[in-house]
Each structure stands twice: as C-alpha cells, then as structure tokens.
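As structure tokens, the structure follows; a few thoughts come after it.
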Amino acid sequence: MSVNLGYACINSTLQEQSKIMCSRGMIRRTWLAKGIPYASELALSNVRGLREVVKWNNANDISVYRITSCLFPWMSEYDMTRLPDYAEIAATLADVGHIARTAGQRLSFHPGQFCVLASPNESTVVKSLRELDQTAQIMDMLGMPKSPAAKINIHVGGAYGERENALARFCKAFKRLTHSAQSRLTVENDDKPNLYSTKMLYNGVYKQIGIPIVFDSHHFGIGPQDLDYHDSFYLARSTWAPGIKQQCHHSNSRRDYEDSTANKVAHSTWFYTPFESYNEPTDVVLECKGKELALFKYLNDFTLKDAA
DNA sequence: CCAGGTCAAGGGAGT
DNA sequence: ACTCCCTTGACCTGG
C-alpha cells in the first residue's frame, strides 16, 4: 500500500472504554493554585496514556500518529527536567519511543495557532521558539530521529497583509531554534486566502531554509489559489528529501458533507473523498472528528474497494 | 453525575 | 480601537 494512514491525538476507543487520555491539562486558575506538582502529575498520566495509544496503534496496524501538543500542561512555564516525576516521565517516553520505533510507527507533533515564528512581536517569537524547542526535546526523549521523519509541523502565520515580510521573519526566527527543533520543522499550507499557499511556502521557506512542506488537501481548496491540486501536491512532494516519506494532511469540510451551517474550515466526522496521492508513497494524517474510527471506515470505504 | 459555560497564548475580519 | 470570531477538546462549577 503506497499510502499509510494515521490520525491525530485522541484515540476515542481507548478514551471511552478505558478512560485512557494523553491531553489532560488545567486552566490558568488551577495552574496558579496547584502549580508544578500537579503539572508533573498530569504529564506523567499523559505519557502513560500515550504509551497505551502507541501500543494500540501497533496492534491495529496504524503506523502514523500525531501526538497531542498538550502532553505537558503549561510546559512553557517550567523546565521539564525539573518536574518531580521527571525520571519516570523520561523513562516512560523512552519506552514509548522504543515501542513506536520497533514497529515502524511514525510520530509527529503539530503545535497550534499560538506558535508563530513569523510574528512581528518579539515576545511572541520568543514564546514560539521555546515551544518548538521544548517539543523537539520531547522528540529527543522519545529517541526519535532529528529529521522530518519525526516532524514538528506548524503554520507560518504573522502575515498582517504582508506575506513577503512575514516569510522573511519566519526564516530569520528559524535560525534561532535549537538544532533539534530545526532538523524536524515543517510548514503547512493555510486555509485562508490571505495566508500561504504551497507555492508561497516553496519560494518563501523551502528555497530559503530547506524545510519540507506538509500538503493539506482541505486547506488547498480554501487557501490562496495559485496552482492546481496536482502541481501543489508535487511541489510539496519535491521538498521531502530522499529516504524521508512525504507527509500530508487530509480532511473533508463539515459544511460540505455533514452540516450546512458549519464553518467551511471545520472538519467532518467521516470521510467522503479519499486523499489523492497519484499512487505515490505518502503518509497521510487524517484530521476528522471520528478519529481512529474514521480511519477504519476510510480503509473500508476507499482502500479495500480500490484493491478489489 | 451531567450540562453548559469557560478557557494562556495569535491573528483575522468586521465595525 | 474594539469586539467577536476562528478550532478543539478538556476543565470546572453549579445544579
């Protein structure tokens, strides 16, 4: 099979059947009240949950999985090595990494909307650098390769109507990251016309600093329109070094298929169209509300039919 | 025990 | 300059 499918963050089966989670966090008020000891407790609980999810993925032949960015609550506020449970957390993560690598399961991260390397605001950049460095530190604890095989994927952001300047700021800020973070960073095309297309990322990021582009099929449809799907896919594909499998995202619009009142950028629960990869070997993270159950349904609806 | 309001962070769009 | 919105999913309170 040329396409390996994966899913993101929550395993609904484990969560519902066994209350296994890896994204327990706390709101600010609780953080101020309970602080580091509670953060440590939650982080340990989260990485133990992650171990169960990774084992489950192996047992279910799923070889692509995005880890939640909420593993360590309030991570930016402390040095992870100072958590009271650090030794056990680190040992658990090492075990998780071993389990994943042994089975050839590819793990990734996708920090969210607040991580903006291209921001004109220096304090936002500093916070973003820290988040990426710490995320890379978790990859290191997992024993994952320092390459986009273990990708940490983000959006460029910070456009303010001046994409050229923002792209330049992004590349400049990139150089301030640790090697561990630089080696794994990837950028993704956006879902708004005023943000970045695959082509803009190719010229403004890949040609400058050489990091790969994650092609998102759904964002392609609603972002800037400057290339067709085929050319966007192959342009993104050309940024992945030999030996490191291209990774893409696929989702369907909730508005188009499930709820006409939903925002067009919202994801559907299930899939109505398969990812078009032109039969190229690719890893695809499915983004949908149905999580791993939608992955199984996708396989049933599309892949098996194709094989028949 | 559950429903529903709330929630660190950035940025865009509309006024 | 201001407000509200984006997505997501878990927190947490009050009933």
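As shown in the structure tokens, the chain order sets the letters A, B, ...; within each chain, residues go from 1, and ligands are also counted from 1 in the order they appear.
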
I'd like a table as JSON lines: residues in chain C with an atom no more than 8 Å from chain A, each row giving the shortest atom pair and its distance in Å to one decimal, only C-alpha atoms (C1' of nucleotides) counted, sorted by chain and rising residue number.
```
{"residue": "C:DT7", "atom": "C1'", "partner": "A:Ala266", "partner_atom": "CA", "distance": 7.2}
{"residue": "C:DA10", "atom": "C1'", "partner": "A:Arg24", "partner_atom": "CA", "distance": 6.9}
{"residue": "C:DC11", "atom": "C1'", "partner": "A:Met26", "partner_atom": "CA", "distance": 6.1}
```

Taking only residues of chain A that have an atom at most 9 Å from an atom of chain B, what is each one's shortest atom pair and its distance in Å to one decimal, using only C-alpha atoms (C1' of nucleotides), in chain and number order, as CSV?
```
residue,atom,partner,partner_atom,distance
A:Ile27,CA,B:DC7,C1',6.3
A:Arg28,CA,B:DA8,C1',6.9
A:Trp74,CA,B:DA8,C1',8.3
A:Gln113,CA,B:DG10,C1',6.3
A:Phe114,CA,B:DG10,C1',5.0
A:Cys115,CA,B:DG10,C1',7.8
A:Val116,CA,B:DG10,C1',7.5
A:Ser119,CA,B:DG10,C1',8.8
A:Thr124,CA,B:DG10,C1',8.5
A:Lys127,CA,B:DA9,C1',8.9
A:Gly157,CA,B:DG11,C1',8.0
A:Gly158,CA,B:DG11,C1',7.2
A:Ala159,CA,B:DG11,C1',8.7
A:Tyr160,CA,B:DG11,C1',8.2
```

If you keep N, CA, C and O atoms, can you produce a file of those selected residues as a PDB file, in the first residue's frame?
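Saved result, result_27.pdb, follows:
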```
ATOM      1  N   ILE A  27      -6.849  24.737  33.554  1.00  0.00           N
ATOM      2  CA  ILE A  27      -6.992  26.151  33.221  1.00  0.00           C
ATOM      3  C   ILE A  27      -6.075  26.967  34.137  1.00  0.00           C
ATOM      4  O   ILE A  27      -5.554  26.469  35.135  1.00  0.00           O
ATOM      5  N   ARG A  28      -5.904  28.205  33.767  1.00  0.00           N
ATOM      6  CA  ARG A  28      -4.959  29.098  34.453  1.00  0.00           C
ATOM      7  C   ARG A  28      -5.160  29.135  35.972  1.00  0.00           C
ATOM      8  O   ARG A  28      -4.218  29.063  36.753  1.00  0.00           O
ATOM      9  N   TRP A  74       1.097  23.557  30.628  1.00  0.00           N
ATOM     10  CA  TRP A  74       1.837  24.780  30.982  1.00  0.00           C
ATOM     11  C   TRP A  74       3.346  24.616  30.809  1.00  0.00           C
ATOM     12  O   TRP A  74       4.156  25.192  31.529  1.00  0.00           O
ATOM     13  N   GLN A 113      -2.099  27.335  16.956  1.00  0.00           N
ATOM     14  CA  GLN A 113      -2.199  28.668  16.393  1.00  0.00           C
ATOM     15  C   GLN A 113      -1.394  29.724  17.139  1.00  0.00           C
ATOM     16  O   GLN A 113      -1.147  30.802  16.599  1.00  0.00           O
ATOM     17  N   PHE A 114      -0.980  29.436  18.342  1.00  0.00           N
ATOM     18  CA  PHE A 114      -0.255  30.449  19.105  1.00  0.00           C
ATOM     19  C   PHE A 114       1.250  30.387  18.871  1.00  0.00           C
ATOM     20  O   PHE A 114       1.996  31.206  19.388  1.00  0.00           O
ATOM     21  N   CYS A 115       1.659  29.425  18.110  1.00  0.00           N
ATOM     22  CA  CYS A 115       3.082  29.263  17.809  1.00  0.00           C
ATOM     23  C   CYS A 115       3.374  29.954  16.478  1.00  0.00           C
ATOM     24  O   CYS A 115       3.106  29.398  15.407  1.00  0.00           O
ATOM     25  N   VAL A 116       3.896  31.167  16.528  1.00  0.00           N
ATOM     26  CA  VAL A 116       4.023  31.997  15.337  1.00  0.00           C
ATOM     27  C   VAL A 116       5.444  32.559  15.206  1.00  0.00           C
ATOM     28  O   VAL A 116       5.761  33.622  15.746  1.00  0.00           O
ATOM     29  N   SER A 119       5.812  36.148  13.624  1.00  0.00           N
ATOM     30  CA  SER A 119       5.200  37.316  14.266  1.00  0.00           C
ATOM     31  C   SER A 119       6.164  38.508  14.300  1.00  0.00           C
ATOM     32  O   SER A 119       7.360  38.338  14.520  1.00  0.00           O
ATOM     33  N   THR A 124       6.250  37.227  21.170  1.00  0.00           N
ATOM     34  CA  THR A 124       5.535  36.088  20.583  1.00  0.00           C
ATOM     35  C   THR A 124       6.533  35.130  19.932  1.00  0.00           C
ATOM     36  O   THR A 124       6.405  33.903  20.045  1.00  0.00           O
ATOM     37  N   LYS A 127       8.332  33.135  22.670  1.00  0.00           N
ATOM     38  CA  LYS A 127       7.472  32.074  23.210  1.00  0.00           C
ATOM     39  C   LYS A 127       7.339  30.924  22.216  1.00  0.00           C
ATOM     40  O   LYS A 127       7.308  29.754  22.596  1.00  0.00           O
ATOM     41  N   GLY A 157       2.058  31.886   9.690  1.00  0.00           N
ATOM     42  CA  GLY A 157       1.363  32.927  10.453  1.00  0.00           C
ATOM     43  C   GLY A 157       1.954  34.319  10.269  1.00  0.00           C
ATOM     44  O   GLY A 157       2.846  34.550   9.445  1.00  0.00           O
ATOM     45  N   GLY A 158       1.445  35.249  11.068  1.00  0.00           N
ATOM     46  CA  GLY A 158       2.017  36.594  11.146  1.00  0.00           C
ATOM     47  C   GLY A 158       1.974  37.417   9.876  1.00  0.00           C
ATOM     48  O   GLY A 158       2.793  38.310   9.692  1.00  0.00           O
ATOM     49  N   ALA A 159       1.007  37.160   9.000  1.00  0.00           N
ATOM     50  CA  ALA A 159       1.018  37.801   7.677  1.00  0.00           C
ATOM     51  C   ALA A 159       0.699  39.298   7.723  1.00  0.00           C
ATOM     52  O   ALA A 159       1.381  40.097   7.089  1.00  0.00           O
ATOM     53  N   TYR A 160      -0.315  39.664   8.444  1.00  0.00           N
ATOM     54  CA  TYR A 160      -0.733  41.077   8.526  1.00  0.00           C
ATOM     55  C   TYR A 160      -0.771  41.748   7.156  1.00  0.00           C
ATOM     56  O   TYR A 160      -0.357  42.908   7.007  1.00  0.00           O
TER      57      TYR A 160
END
```

What lies within 10 Å of Asn153 in chain A using only C-alpha atoms (C1' of nucleotides), ignoring chain neighbours under 5 positions off, as a list in words? Ser108, Phe109, His110, Pro111, Gly112, Leu132, Pro148, Arg184, Leu185, Thr186, Val187, Glu188, Pro212, Ile213 and Val214 of chain A

Could you give me, as JSON, numbers by chain, the residues within 12 Å of Ala181 in chain A, counting only C-alpha atoms (C1' of nucleotides) and dropping anything in the same chain fewer than 3 positions from it? {"A": [109, 128, 129, 130, 131, 132, 133, 134, 135, 136, 137, 138, 139, 140, 144, 145, 146, 147, 148, 150, 151, 152, 153, 154, 173, 174, 175, 176, 177, 178, 184, 185, 186, 211]}

Any chance you can output those residues with C-alpha atoms as a PDB file, in the first residue's frame?
```
ATOM      1  CA  PHE A 109       3.667  16.968  16.580  1.00  0.00           C
ATOM      2  CA  SER A 128       7.138  30.250  19.914  1.00  0.00           C
ATOM      3  CA  LEU A 129      10.836  29.372  19.813  1.00  0.00           C
ATOM      4  CA  ARG A 130      10.567  27.990  23.303  1.00  0.00           C
ATOM      5  CA  GLU A 131       7.535  25.891  22.477  1.00  0.00           C
ATOM      6  CA  LEU A 132       9.247  24.405  19.433  1.00  0.00           C
ATOM      7  CA  ASP A 133      12.467  23.734  21.315  1.00  0.00           C
ATOM      8  CA  GLN A 134      10.568  22.003  24.077  1.00  0.00           C
ATOM      9  CA  THR A 135       8.536  19.971  21.609  1.00  0.00           C
ATOM     10  CA  ALA A 136      11.803  18.891  19.998  1.00  0.00           C
ATOM     11  CA  GLN A 137      13.074  17.991  23.453  1.00  0.00           C
ATOM     12  CA  ILE A 138      10.129  15.592  23.801  1.00  0.00           C
ATOM     13  CA  MET A 139      11.056  14.055  20.440  1.00  0.00           C
ATOM     14  CA  ASP A 140      14.552  13.613  21.825  1.00  0.00           C
ATOM     15  CA  MET A 144      13.213   9.936  17.510  1.00  0.00           C
ATOM     16  CA  PRO A 145      15.430  10.918  14.575  1.00  0.00           C
ATOM     17  CA  LYS A 146      16.482  14.517  14.123  1.00  0.00           C
ATOM     18  CA  SER A 147      14.785  14.829  10.756  1.00  0.00           C
ATOM     19  CA  PRO A 148      11.327  15.447   9.305  1.00  0.00           C
ATOM     20  CA  ALA A 150       9.755  12.908  13.164  1.00  0.00           C
ATOM     21  CA  LYS A 151       8.165  16.120  12.042  1.00  0.00           C
ATOM     22  CA  ILE A 152       7.102  19.103  14.106  1.00  0.00           C
ATOM     23  CA  ASN A 153       4.699  20.895  11.834  1.00  0.00           C
ATOM     24  CA  ILE A 154       3.450  24.487  12.085  1.00  0.00           C
ATOM     25  CA  ALA A 173      13.492  33.195  13.504  1.00  0.00           C
ATOM     26  CA  PHE A 174      14.067  29.625  12.326  1.00  0.00           C
ATOM     27  CA  LYS A 175      17.806  30.127  12.719  1.00  0.00           C
ATOM     28  CA  ARG A 176      17.296  30.821  16.422  1.00  0.00           C
ATOM     29  CA  LEU A 177      15.834  27.368  17.082  1.00  0.00           C
ATOM     30  CA  THR A 178      17.886  24.560  18.587  1.00  0.00           C
ATOM     31  CA  ARG A 184      12.363  18.415  12.400  1.00  0.00           C
ATOM     32  CA  LEU A 185      10.405  21.523  11.490  1.00  0.00           C
ATOM     33  CA  THR A 186       7.935  21.518   8.596  1.00  0.00           C
ATOM     34  CA  ILE A 211      12.477  22.595   5.359  1.00  0.00           C
TER      35      ILE A 211
END
```

Could you tell me, as a VMD selection string, which residues of range 55-159 of chain A DSSP assigns to alpha helix (DSSP H) when given the backbone? chain A and resid 55 to 59 86 to 103 122 to 141

If you run DSSP over the backbone, which residues in range 152-222 of chain A end up strand (DSSP E or B)? Put them as number ranges by chain. A: 152-154, 185-188, 213-216

Could you take the residues named above and write them with all heavy atoms, as a short mmCIF file (atom, residue, chain, number, x, y, z; two decimals), in the first residue's frame?
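Dumped everything to selection.cif:
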```cif
data_model
loop_
_atom_site.label_atom_id
_atom_site.label_comp_id
_atom_site.auth_asym_id
_atom_site.auth_seq_id
_atom_site.Cartn_x
_atom_site.Cartn_y
_atom_site.Cartn_z
N ILE A 152 7.81 18.15 13.26
CA ILE A 152 7.10 19.10 14.11
C ILE A 152 6.58 20.15 13.13
O ILE A 152 7.36 20.91 12.55
CB ILE A 152 8.04 19.74 15.15
CG1 ILE A 152 8.62 18.66 16.07
CG2 ILE A 152 7.29 20.80 15.95
CD1 ILE A 152 9.69 19.17 17.01
N ASN A 153 5.29 20.13 12.92
CA ASN A 153 4.70 20.90 11.83
C ASN A 153 3.95 22.13 12.35
O ASN A 153 3.21 22.04 13.32
CB ASN A 153 3.73 19.98 11.07
CG ASN A 153 3.02 20.69 9.96
OD1 ASN A 153 3.64 21.24 9.06
ND2 ASN A 153 1.69 20.70 10.02
N ILE A 154 4.16 23.26 11.69
CA ILE A 154 3.45 24.49 12.09
C ILE A 154 3.04 25.29 10.85
O ILE A 154 3.46 24.99 9.73
CB ILE A 154 4.31 25.41 12.99
CG1 ILE A 154 5.61 25.79 12.30
CG2 ILE A 154 4.58 24.75 14.32
CD1 ILE A 154 6.43 26.84 13.05
N LEU A 185 11.49 20.60 11.79
CA LEU A 185 10.40 21.52 11.49
C LEU A 185 9.89 21.39 10.05
O LEU A 185 10.67 21.21 9.11
CB LEU A 185 10.86 22.96 11.73
CG LEU A 185 9.73 23.97 11.91
CD1 LEU A 185 8.99 23.74 13.23
CD2 LEU A 185 10.26 25.41 11.85
N THR A 186 8.57 21.48 9.92
CA THR A 186 7.94 21.52 8.60
C THR A 186 6.88 22.64 8.62
O THR A 186 6.47 23.07 9.70
CB THR A 186 7.22 20.20 8.25
OG1 THR A 186 6.18 19.95 9.21
CG2 THR A 186 8.19 19.02 8.26
N VAL A 187 6.48 23.10 7.43
CA VAL A 187 5.43 24.12 7.34
C VAL A 187 4.27 23.60 6.49
O VAL A 187 4.47 22.81 5.57
CB VAL A 187 5.93 25.45 6.75
CG1 VAL A 187 6.77 26.20 7.76
CG2 VAL A 187 6.69 25.23 5.46
N GLU A 188 3.08 24.10 6.80
CA GLU A 188 1.86 23.61 6.15
C GLU A 188 1.12 24.74 5.45
O GLU A 188 1.06 25.86 5.97
CB GLU A 188 0.97 22.98 7.23
CG GLU A 188 -0.38 22.53 6.73
CD GLU A 188 -1.23 21.93 7.86
OE1 GLU A 188 -0.69 21.68 8.96
OE2 GLU A 188 -2.43 21.75 7.64
N ILE A 213 7.51 20.87 3.10
CA ILE A 213 6.14 21.38 3.15
C ILE A 213 5.16 20.22 3.31
O ILE A 213 5.19 19.25 2.55
CB ILE A 213 5.79 22.15 1.87
CG1 ILE A 213 6.75 23.34 1.69
CG2 ILE A 213 4.34 22.62 1.90
CD1 ILE A 213 6.66 24.00 0.33
N VAL A 214 4.30 20.36 4.32
CA VAL A 214 3.20 19.42 4.51
C VAL A 214 2.02 19.93 3.69
O VAL A 214 1.56 21.05 3.90
CB VAL A 214 2.83 19.30 6.00
CG1 VAL A 214 1.56 18.49 6.18
CG2 VAL A 214 3.98 18.69 6.78
N PHE A 215 1.57 19.10 2.77
CA PHE A 215 0.44 19.49 1.91
C PHE A 215 -0.87 19.06 2.55
O PHE A 215 -1.08 17.88 2.82
CB PHE A 215 0.61 18.86 0.53
CG PHE A 215 -0.57 19.10 -0.38
CD1 PHE A 215 -0.80 20.37 -0.91
CD2 PHE A 215 -1.44 18.06 -0.71
CE1 PHE A 215 -1.89 20.59 -1.75
CE2 PHE A 215 -2.53 18.29 -1.55
CZ PHE A 215 -2.75 19.55 -2.08
N ASP A 216 -1.75 20.04 2.77
CA ASP A 216 -3.06 19.75 3.36
C ASP A 216 -4.13 19.91 2.28
O ASP A 216 -4.33 21.00 1.75
CB ASP A 216 -3.32 20.71 4.53
CG ASP A 216 -4.63 20.42 5.25
OD1 ASP A 216 -5.70 20.37 4.59
OD2 ASP A 216 -4.60 20.24 6.48
#
```

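If you look at CA of Gly221 in chain A and CA of Arg163 in chain A, they are 19.3 Å away from each other.
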
Surrounding residues of Asp231 in chain A excluding itself and chain neighbours under 6 positions, 12 Å, only C-alpha atoms (C1' of nucleotides), as a PyMOL selection string: chain A and resi 197-199+202+215+220+225+237-238+277-278

Can I get the selected residues back with all heavy atoms, as a compact mmCIF listing (two decimals), in the first residue's frame?
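Written file, selection.txt:
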```txt
# COMPACT_ATOMS: atom_id res chain seq x y z
N SER A 197 -0.02 29.72 0.43
CA SER A 197 -0.22 28.55 -0.42
C SER A 197 1.05 27.70 -0.40
O SER A 197 2.11 28.15 0.07
CB SER A 197 -0.49 28.98 -1.86
OG SER A 197 0.69 29.56 -2.40
N THR A 198 0.95 26.51 -0.95
CA THR A 198 2.11 25.64 -1.08
C THR A 198 3.22 26.34 -1.87
O THR A 198 4.40 26.29 -1.49
CB THR A 198 1.69 24.35 -1.81
OG1 THR A 198 0.66 23.72 -1.05
CG2 THR A 198 2.86 23.39 -1.95
N LYS A 199 2.82 27.01 -2.95
CA LYS A 199 3.81 27.70 -3.79
C LYS A 199 4.53 28.82 -3.03
O LYS A 199 5.75 28.99 -3.15
CB LYS A 199 3.09 28.28 -5.01
CG LYS A 199 3.98 28.89 -6.07
CD LYS A 199 3.09 29.37 -7.22
CE LYS A 199 3.89 30.08 -8.30
NZ LYS A 199 2.95 30.56 -9.35
N TYR A 202 6.93 27.28 -0.77
CA TYR A 202 8.06 26.75 -1.53
C TYR A 202 9.10 27.84 -1.77
O TYR A 202 10.29 27.67 -1.50
CB TYR A 202 7.57 26.18 -2.86
CG TYR A 202 8.67 25.52 -3.66
CD1 TYR A 202 8.98 24.17 -3.46
CD2 TYR A 202 9.40 26.24 -4.60
CE1 TYR A 202 9.99 23.57 -4.18
CE2 TYR A 202 10.42 25.64 -5.33
CZ TYR A 202 10.70 24.30 -5.12
OH TYR A 202 11.71 23.70 -5.82
N PHE A 215 1.57 19.10 2.77
CA PHE A 215 0.44 19.49 1.91
C PHE A 215 -0.87 19.06 2.55
O PHE A 215 -1.08 17.88 2.82
CB PHE A 215 0.61 18.86 0.53
CG PHE A 215 -0.57 19.10 -0.38
CD1 PHE A 215 -0.80 20.37 -0.91
CD2 PHE A 215 -1.44 18.06 -0.71
CE1 PHE A 215 -1.89 20.59 -1.75
CE2 PHE A 215 -2.53 18.29 -1.55
CZ PHE A 215 -2.75 19.55 -2.08
N PHE A 220 -5.87 23.28 0.88
CA PHE A 220 -5.62 23.61 -0.53
C PHE A 220 -6.86 24.22 -1.17
O PHE A 220 -6.80 25.21 -1.89
CB PHE A 220 -5.19 22.36 -1.32
CG PHE A 220 -5.33 22.56 -2.80
CD1 PHE A 220 -4.35 23.26 -3.50
CD2 PHE A 220 -6.46 22.13 -3.48
CE1 PHE A 220 -4.50 23.51 -4.85
CE2 PHE A 220 -6.61 22.37 -4.83
CZ PHE A 220 -5.63 23.07 -5.52
N GLN A 225 -5.37 30.56 -4.26
CA GLN A 225 -5.48 29.71 -5.45
C GLN A 225 -4.44 30.14 -6.48
O GLN A 225 -4.67 31.05 -7.27
CB GLN A 225 -6.88 29.80 -6.03
CG GLN A 225 -7.99 29.41 -5.06
CD GLN A 225 -7.91 27.93 -4.68
OE1 GLN A 225 -7.83 27.07 -5.55
NE2 GLN A 225 -7.92 27.65 -3.39
N ARG A 237 5.74 17.69 -2.55
CA ARG A 237 6.45 16.41 -2.55
C ARG A 237 7.94 16.60 -2.84
O ARG A 237 8.79 15.91 -2.27
CB ARG A 237 5.82 15.49 -3.61
CG ARG A 237 6.43 14.12 -3.64
CD ARG A 237 5.64 13.15 -4.51
NE ARG A 237 6.28 11.85 -4.48
CZ ARG A 237 6.21 10.99 -3.48
NH1 ARG A 237 5.46 11.29 -2.42
NH2 ARG A 237 6.85 9.85 -3.49
N SER A 238 8.24 17.57 -3.69
CA SER A 238 9.63 17.79 -4.08
C SER A 238 10.48 18.33 -2.93
O SER A 238 11.71 18.36 -3.03
CB SER A 238 9.69 18.77 -5.26
OG SER A 238 9.41 20.09 -4.83
N SER A 277 -3.22 10.90 -4.00
CA SER A 277 -1.75 10.94 -3.91
C SER A 277 -1.09 10.46 -5.19
O SER A 277 0.11 10.23 -5.21
CB SER A 277 -1.28 10.08 -2.74
OG SER A 277 -1.55 8.73 -3.03
N TYR A 278 -1.90 10.27 -6.22
CA TYR A 278 -1.36 9.82 -7.52
C TYR A 278 -0.52 8.56 -7.37
O TYR A 278 0.48 8.39 -8.04
CB TYR A 278 -0.58 10.96 -8.19
CG TYR A 278 -1.40 12.22 -8.32
CD1 TYR A 278 -1.24 13.27 -7.42
CD2 TYR A 278 -2.39 12.33 -9.30
CE1 TYR A 278 -2.02 14.40 -7.50
CE2 TYR A 278 -3.18 13.47 -9.39
CZ TYR A 278 -2.99 14.50 -8.49
OH TYR A 278 -3.77 15.62 -8.57
```
